[in-house]
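query07.txt, holding compact mmCIF, C-alpha atoms and all ligand atoms:
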```txt
# COMPACT_ATOMS: atom_id res chain seq x y z
CA MET A 1 -18.20 27.61 34.27
CA PRO A 2 -18.91 30.87 32.49
CA THR A 3 -20.15 31.14 28.90
CA TYR A 4 -18.60 33.85 26.77
CA VAL A 5 -20.09 35.01 23.47
CA LEU A 6 -17.41 36.44 21.19
CA GLY A 7 -17.67 39.03 18.43
CA ASP A 8 -16.21 38.64 14.94
CA VAL A 9 -12.64 37.30 15.13
CA GLN A 10 -12.08 37.31 11.34
CA GLY A 11 -8.75 35.52 11.50
CA CYS A 12 -7.33 37.70 14.29
CA PHE A 13 -5.74 34.77 16.11
CA LEU A 14 -3.34 36.77 18.31
CA SER A 15 -6.12 39.14 19.40
CA LEU A 16 -8.23 36.08 20.25
CA GLN A 17 -5.42 34.66 22.39
CA LYS A 18 -5.03 38.03 24.10
CA LEU A 19 -8.75 38.12 24.90
CA LEU A 20 -8.71 34.52 26.18
CA ARG A 21 -5.83 35.38 28.53
CA LYS A 22 -7.82 38.36 29.78
CA ILE A 23 -10.86 36.23 30.63
CA HIS A 24 -8.67 33.38 31.96
CA PHE A 25 -10.30 30.94 29.55
CA THR A 26 -10.22 27.42 31.03
CA PRO A 27 -10.91 24.70 28.41
CA GLY A 28 -13.21 21.98 29.68
CA SER A 29 -14.79 24.36 32.17
CA ASP A 30 -15.60 27.59 30.34
CA HIS A 31 -17.59 27.70 27.13
CA LEU A 32 -16.95 29.95 24.14
CA ILE A 33 -19.67 30.76 21.60
CA PHE A 34 -18.45 32.57 18.50
CA CYS A 35 -20.83 34.92 16.65
CA GLY A 36 -19.57 33.77 13.23
CA ASP A 37 -17.08 35.40 10.83
CA THR A 38 -14.36 33.62 12.77
CA ILE A 39 -12.20 33.70 9.62
CA ASN A 40 -11.11 35.97 6.73
CA ARG A 41 -9.46 39.39 6.39
CA GLY A 42 -7.06 38.76 9.32
CA THR A 43 -3.77 36.87 8.96
CA GLY A 44 -4.58 33.88 11.20
CA SER A 45 -7.74 32.27 9.80
CA LEU A 46 -6.32 28.73 9.80
CA GLU A 47 -4.96 29.17 13.33
CA VAL A 48 -8.37 30.30 14.61
CA LEU A 49 -10.00 27.17 13.17
CA GLN A 50 -7.24 24.95 14.59
CA PHE A 51 -7.79 26.47 18.02
CA MET A 52 -11.57 26.01 17.82
CA LYS A 53 -11.34 22.38 16.68
CA LYS A 54 -8.73 21.60 19.32
CA HIS A 55 -11.13 22.80 22.01
CA ASP A 56 -14.21 21.36 20.32
CA ASP A 57 -15.86 20.42 23.65
CA SER A 58 -15.62 23.99 24.92
CA VAL A 59 -16.33 25.86 21.69
CA SER A 60 -19.43 26.52 19.56
CA SER A 61 -20.03 28.92 16.71
CA VAL A 62 -22.77 30.07 14.41
CA LEU A 63 -22.08 30.56 10.70
CA GLY A 64 -21.29 34.02 9.38
CA ASN A 65 -21.17 35.29 5.81
CA HIS A 66 -17.40 34.72 5.68
CA GLU A 67 -17.74 31.02 6.52
CA LEU A 68 -20.44 30.75 3.82
CA HIS A 69 -18.13 32.57 1.39
CA LEU A 70 -15.40 30.02 2.17
CA LEU A 71 -17.74 27.08 1.51
CA ALA A 72 -19.05 28.61 -1.74
CA THR A 73 -15.50 29.42 -2.91
CA ASN A 74 -14.47 25.84 -2.25
CA ASN A 75 -17.43 24.68 -4.35
CA GLY A 76 -16.37 26.97 -7.20
CA GLU A 77 -19.52 29.08 -6.87
CA ARG A 78 -17.69 32.17 -5.66
CA GLN A 79 -14.31 33.70 -6.48
CA LEU A 80 -11.61 34.73 -4.03
CA LYS A 81 -11.63 38.49 -3.47
CA PRO A 82 -8.48 40.64 -3.17
CA LEU A 83 -8.81 41.08 0.61
CA ASP A 84 -9.56 37.40 1.31
CA THR A 85 -7.15 35.50 3.55
CA ILE A 86 -8.85 32.10 3.37
CA GLU A 87 -6.37 30.51 0.93
CA THR A 88 -4.53 29.04 3.92
CA ILE A 89 -7.67 26.99 4.65
CA LEU A 90 -8.55 26.17 1.03
CA ASN A 91 -4.96 25.10 0.19
CA HIS A 92 -4.32 23.23 3.45
CA PRO A 93 -3.66 19.46 3.07
CA LYS A 94 -6.54 18.89 5.50
CA SER A 95 -8.88 21.48 3.98
CA LYS A 96 -11.69 18.88 3.84
CA LYS A 97 -11.47 18.49 7.61
CA TRP A 98 -11.77 22.25 8.19
CA LEU A 99 -14.65 22.65 5.74
CA GLY A 100 -16.40 19.64 7.24
CA TYR A 101 -16.01 21.13 10.71
CA ILE A 102 -17.50 24.47 9.63
CA LYS A 103 -20.45 22.69 7.99
CA THR A 104 -21.48 21.39 11.43
CA TRP A 105 -22.05 24.93 12.72
CA PRO A 106 -25.68 26.10 12.96
CA PHE A 107 -27.09 29.51 11.99
CA ALA A 108 -28.53 30.11 15.45
CA ILE A 109 -27.73 28.91 18.96
CA GLU A 110 -30.54 29.03 21.50
CA LEU A 111 -29.70 29.54 25.17
CA LYS A 112 -32.07 29.89 28.13
CA LYS A 113 -32.39 33.66 27.84
CA HIS A 114 -30.35 34.43 24.73
CA LEU A 115 -30.17 33.69 21.05
CA VAL A 116 -26.84 33.88 19.22
CA VAL A 117 -26.78 34.66 15.48
CA HIS A 118 -24.26 36.28 13.15
CA ALA A 119 -26.31 39.19 11.77
CA SER A 120 -30.02 39.14 12.60
CA ILE A 121 -33.30 37.38 13.25
CA ALA A 122 -35.96 38.31 10.68
CA PRO A 123 -38.82 40.34 12.22
CA HIS A 124 -41.40 37.74 11.15
CA TRP A 125 -39.68 34.78 12.85
CA ASP A 126 -40.27 33.42 16.32
CA ILE A 127 -37.69 31.26 18.08
CA ALA A 128 -39.10 27.95 16.86
CA GLU A 129 -39.13 29.13 13.27
CA ALA A 130 -35.59 30.47 13.50
CA MET A 131 -34.28 27.18 14.89
CA ASP A 132 -36.18 25.21 12.26
CA LEU A 133 -34.75 27.38 9.47
CA SER A 134 -31.27 26.97 10.92
CA GLN A 135 -31.60 23.17 10.68
CA ARG A 136 -33.02 23.25 7.16
CA LEU A 137 -30.22 25.52 5.96
CA SER A 138 -27.61 23.19 7.49
CA LYS A 139 -29.00 20.34 5.40
CA LYS A 140 -28.71 22.48 2.27
CA ILE A 141 -25.12 23.38 3.13
CA ASN A 142 -24.24 19.73 3.55
CA LYS A 143 -25.60 19.12 0.06
CA GLY A 144 -23.16 21.75 -1.22
CA LYS A 145 -25.72 24.49 -1.88
CA ASN A 146 -24.65 28.15 -1.92
CA VAL A 147 -27.33 29.41 0.49
CA LEU A 148 -25.89 32.93 0.63
CA ALA A 149 -27.03 33.45 -2.98
CA THR A 150 -30.31 31.53 -2.90
CA SER A 151 -31.87 31.74 0.57
CA LYS A 152 -33.53 34.78 2.15
CA ALA A 153 -33.31 33.02 5.52
CA ALA A 154 -29.53 32.64 5.16
CA GLN A 155 -29.33 36.34 4.26
CA TRP A 156 -31.31 37.35 7.38
CA PHE A 157 -29.09 35.16 9.54
CA THR A 158 -25.74 36.27 8.10
CA LEU A 159 -26.00 39.52 6.11
CA ALA A 160 -28.82 41.81 7.28
CA ARG A 161 -28.22 45.21 8.85
CA TYR A 162 -30.91 47.51 7.49
CA VAL A 163 -34.46 47.02 6.31
CA GLU A 164 -36.21 49.08 3.60
CA GLU A 165 -39.67 50.59 4.06
CA ASP A 166 -41.18 47.60 2.20
CA GLY A 167 -39.58 45.20 4.69
CA SER A 168 -36.86 43.89 2.37
CA MET A 169 -33.21 43.76 3.37
CA ASN A 170 -30.80 46.47 2.27
CA PHE A 171 -27.29 45.13 1.63
CA GLN A 172 -25.59 48.37 0.56
CA THR A 173 -25.56 50.45 3.73
CA LYS A 174 -23.01 49.38 6.32
CA SER A 175 -22.72 52.58 8.37
CA ALA A 176 -23.70 53.11 11.99
CA PRO A 177 -27.44 53.81 12.55
CA GLU A 178 -26.65 57.44 13.37
CA ASP A 179 -25.16 57.91 9.88
CA ALA A 180 -27.63 55.88 7.82
CA PRO A 181 -30.27 57.27 5.41
CA SER A 182 -33.43 57.99 7.42
CA HIS A 183 -35.69 55.67 5.41
CA LEU A 184 -33.67 52.63 6.49
CA LEU A 185 -34.42 50.90 9.78
CA PRO A 186 -31.86 48.77 11.62
CA TRP A 187 -33.30 45.22 11.67
CA TYR A 188 -33.60 45.26 15.47
CA LYS A 189 -35.91 48.30 15.32
CA VAL A 190 -38.45 46.69 13.01
CA LYS A 191 -41.61 45.80 14.90
CA ARG A 192 -41.60 42.06 15.58
CA GLN A 193 -44.67 39.95 14.89
CA LYS A 194 -43.90 37.89 18.01
CA GLU A 195 -41.78 38.75 21.02
CA LEU A 196 -38.69 36.55 21.09
CA GLN A 197 -38.36 36.40 24.89
CA ARG A 198 -34.62 36.23 24.28
CA GLN A 199 -31.85 38.78 24.20
CA ILE A 200 -30.25 38.53 20.75
CA LEU A 201 -26.45 38.42 20.68
CA PHE A 202 -24.95 39.18 17.28
CA GLY A 203 -21.87 40.39 15.41
CA HIS A 204 -21.40 41.36 11.73
CA TRP A 205 -21.87 45.11 12.14
CA ALA A 206 -18.50 46.71 12.89
CA SER A 207 -19.72 50.29 12.54
CA LEU A 208 -22.46 49.60 15.12
CA GLY A 209 -19.73 48.28 17.39
CA HIS A 210 -20.33 46.89 20.85
CA ARG A 211 -23.63 48.08 22.31
CA GLU A 212 -25.68 46.65 25.15
CA LYS A 213 -29.46 47.04 24.98
CA LYS A 214 -32.34 45.33 26.72
CA ARG A 215 -33.33 43.24 23.70
CA TRP A 216 -29.94 42.81 22.04
CA ILE A 217 -26.19 43.09 22.38
CA SER A 218 -23.94 43.73 19.39
CA LEU A 219 -20.43 42.30 19.66
CA ASP A 220 -18.47 43.12 16.48
CA SER A 221 -16.16 45.87 17.70
CA GLY A 222 -14.09 45.91 14.50
CA CYS A 223 -11.03 43.94 15.60
CA VAL A 224 -9.87 43.21 12.04
CA TRP A 225 -10.13 46.93 11.22
CA GLY A 226 -7.82 47.81 14.11
CA GLY A 227 -10.61 48.11 16.69
CA ARG A 228 -11.23 45.71 19.56
CA LEU A 229 -12.26 42.10 20.09
CA THR A 230 -15.14 41.73 22.54
CA ALA A 231 -16.57 38.88 24.62
CA TRP A 232 -19.81 39.01 26.59
CA CYS A 233 -20.08 36.85 29.69
CA ILE A 234 -23.63 35.53 30.00
CA GLU A 235 -23.49 34.75 33.72
CA GLU A 236 -21.78 38.00 34.78
CA GLN A 237 -23.61 40.12 32.19
CA GLN A 238 -20.36 41.89 31.57
CA SER A 239 -18.19 42.51 28.53
CA TYR A 240 -14.44 42.09 28.19
CA SER A 241 -12.41 43.42 25.30
CA VAL A 242 -8.85 43.83 24.05
CA ALA A 243 -7.31 46.09 21.42
CA ALA A 244 -6.48 44.38 18.11
CA VAL A 245 -2.95 42.96 17.84
CA LYS A 246 -1.21 44.59 14.85
CA GLU A 247 0.26 41.36 13.47
CA ASP A 248 -3.29 40.07 12.91
CA LEU A 249 -4.07 42.83 10.41
CA ARG A 250 -2.89 42.65 6.83
MN MN B 301 -20.36 39.31 8.74
```
Kindly present the structure from the file in C-alpha cells form.
Amino acid sequence: MPTYVLGDVQGCFLSLQKLLRKIHFTPGSDHLIFCGDTINRGTGSLEVLQFMKKHDDSVSSVLGNHELHLLATNNGERQLKPLDTIETILNHPKSKKWLGYIKTWPFAIELKKHLVVHASIAPHWDIAEAMDLSQRLSKKINKGKNVLATSKAAQWFTLARYVEEDGSMNFQTKSAPEDAPSHLLPWYKVKRQKELQRQILFGHWASLGHREKKRWISLDSGCVWGGRLTAWCIEEQQSYSVAAVKEDLR
C-alpha cells in the first residue's frame, strides 16, 4: 500500500496516466497525494479532476496557486489569462461540483515524517501553526474569499520561492537557485525558528526541478513545459518519472 507524492500535473492528463502505469497504481490500495497545481496550462485539466474525484478514496491533494486562481476566477475576482486552460472546468455543466471538490483540499497534508505543501512553509511556522493556518484558510475559501490576494499565509503555502533580505517573499524571480540574484534566498535555506521534524515535499518550482535533500524534496519537474512528471514513493524513498506526453501541451 505505497503512498506516492506527485509533482505539478497542470492538466497533463496523459502524462499522469503514463506515470500511473509506470508505478502500477492500484486504486483502493495505493494512495496518491498531489502537490497542487493539478490543473491549468495543460490540455486535460477537467480530465485530471475527473480522475481524482473518481478515485476519491485513494487520492488527496493540497491547493496550489492554479486551483486558487480557478476559484477566484469563478468568483469574478480574477480574469482568465491567455495561457489558461481552465475554461473546460468553469464552463462545465457540473462546474459547481468540481469547484466544491477543490474547496475541500487543504493547504498542507501532514504525514508521519513528511509534510506536503504546494510551494513552501514559512520559516517562522512550526507544524502546528502550519496546520492551523491551513484550516483557517480553508474556512475563508469556503466563504468565497480570494486568499491569494489577501493572505500572506496563502502566499507562503502556494507562491513562495525566494525570500528577500528583510524576510519578505519575492514573487518576481522564478529561476533556479544557481541563476538567482545573490541577495535572494530560496525559502528552504532561510533559518527556521523551529525545526519541523518533517521532510517537506513540495512542487511549484519548475526551474528547481526534482531534487532530493535531507530536509526537503522538490517534485515539479516541469511536465507542462515539456519536462517530466515525477512521483516520490514515501515507503521506498524512491522517485519515478515519465517524460511529458506531447498531446498534453498546448
Ligand atoms: Mn504553482
ask   = Within 6 Å of ligand MN 301 (chain B), counting only C-alpha atoms and all ligand atoms: which residues, as a VMD selection string?
value = chain A and resid 37 64 to 65 204
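Between Leu14 in chain A and the residues A:Val245, A:Val116, A:Met1, A:Leu49, the shortest atom-to-atom distance, using all atoms listed in the file, involves A:Val245.
Considering the residues A:Ala206, A:Leu196, A:Leu99, A:Leu70 and counting only C-alpha atoms, Asp84 in chain A has its shortest atom-to-atom contact with A:Leu70.
Across the model, the gap from CA of Lys174 in chain A to CA of Lys103 in chain A is 26.9 Å.
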Show me, as JSON lines, the residues of range 42-104 of chain A having an atom within 10 Å of range 15-34 of chain A, each with the closest atom pair and its distance in Å, using only C-alpha atoms.
```
{"residue": "A:Gly44", "atom": "CA", "partner": "A:Ser15", "partner_atom": "CA", "distance": 9.9}
{"residue": "A:Val48", "atom": "CA", "partner": "A:Leu16", "partner_atom": "CA", "distance": 8.1}
{"residue": "A:Phe51", "atom": "CA", "partner": "A:Gln17", "partner_atom": "CA", "distance": 9.6}
{"residue": "A:Met52", "atom": "CA", "partner": "A:Leu32", "partner_atom": "CA", "distance": 9.2}
{"residue": "A:Lys54", "atom": "CA", "partner": "A:Pro27", "partner_atom": "CA", "distance": 9.8}
{"residue": "A:His55", "atom": "CA", "partner": "A:Pro27", "partner_atom": "CA", "distance": 6.7}
{"residue": "A:Asp56", "atom": "CA", "partner": "A:Pro27", "partner_atom": "CA", "distance": 9.4}
{"residue": "A:Asp57", "atom": "CA", "partner": "A:Gly28", "partner_atom": "CA", "distance": 6.8}
{"residue": "A:Ser58", "atom": "CA", "partner": "A:His31", "partner_atom": "CA", "distance": 4.7}
{"residue": "A:Val59", "atom": "CA", "partner": "A:Leu32", "partner_atom": "CA", "distance": 4.8}
{"residue": "A:Ser60", "atom": "CA", "partner": "A:Ile33", "partner_atom": "CA", "distance": 4.7}
{"residue": "A:Ser61", "atom": "CA", "partner": "A:Phe34", "partner_atom": "CA", "distance": 4.4}
{"residue": "A:Val62", "atom": "CA", "partner": "A:Phe34", "partner_atom": "CA", "distance": 6.5}
{"residue": "A:Leu63", "atom": "CA", "partner": "A:Phe34", "partner_atom": "CA", "distance": 8.8}
{"residue": "A:Gly64", "atom": "CA", "partner": "A:Phe34", "partner_atom": "CA", "distance": 9.7}
```
Output C-alpha atoms for every residue in that selection, as a PDB file, in the frame of the given file.
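Wrote it out as part-v9.pdb, contents follow:
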```pdb
ATOM      1  CA  GLY A  44      -4.580  33.880  11.200  1.00  0.00           C
ATOM      2  CA  VAL A  48      -8.370  30.300  14.610  1.00  0.00           C
ATOM      3  CA  PHE A  51      -7.790  26.470  18.020  1.00  0.00           C
ATOM      4  CA  MET A  52     -11.570  26.010  17.820  1.00  0.00           C
ATOM      5  CA  LYS A  54      -8.730  21.600  19.320  1.00  0.00           C
ATOM      6  CA  HIS A  55     -11.130  22.800  22.010  1.00  0.00           C
ATOM      7  CA  ASP A  56     -14.210  21.360  20.320  1.00  0.00           C
ATOM      8  CA  ASP A  57     -15.860  20.420  23.650  1.00  0.00           C
ATOM      9  CA  SER A  58     -15.620  23.990  24.920  1.00  0.00           C
ATOM     10  CA  VAL A  59     -16.330  25.860  21.690  1.00  0.00           C
ATOM     11  CA  SER A  60     -19.430  26.520  19.560  1.00  0.00           C
ATOM     12  CA  SER A  61     -20.030  28.920  16.710  1.00  0.00           C
ATOM     13  CA  VAL A  62     -22.770  30.070  14.410  1.00  0.00           C
ATOM     14  CA  LEU A  63     -22.080  30.560  10.700  1.00  0.00           C
ATOM     15  CA  GLY A  64     -21.290  34.020   9.380  1.00  0.00           C
TER      16      GLY A  64
END
```
query = Leaving out Gln10 in chain A and any residue of its chain fewer than 4 positions from it, which residues lie within 6 Å of it when counting all atoms listed in the file, given as an NGL selection string?
reply = :A and (37-42)
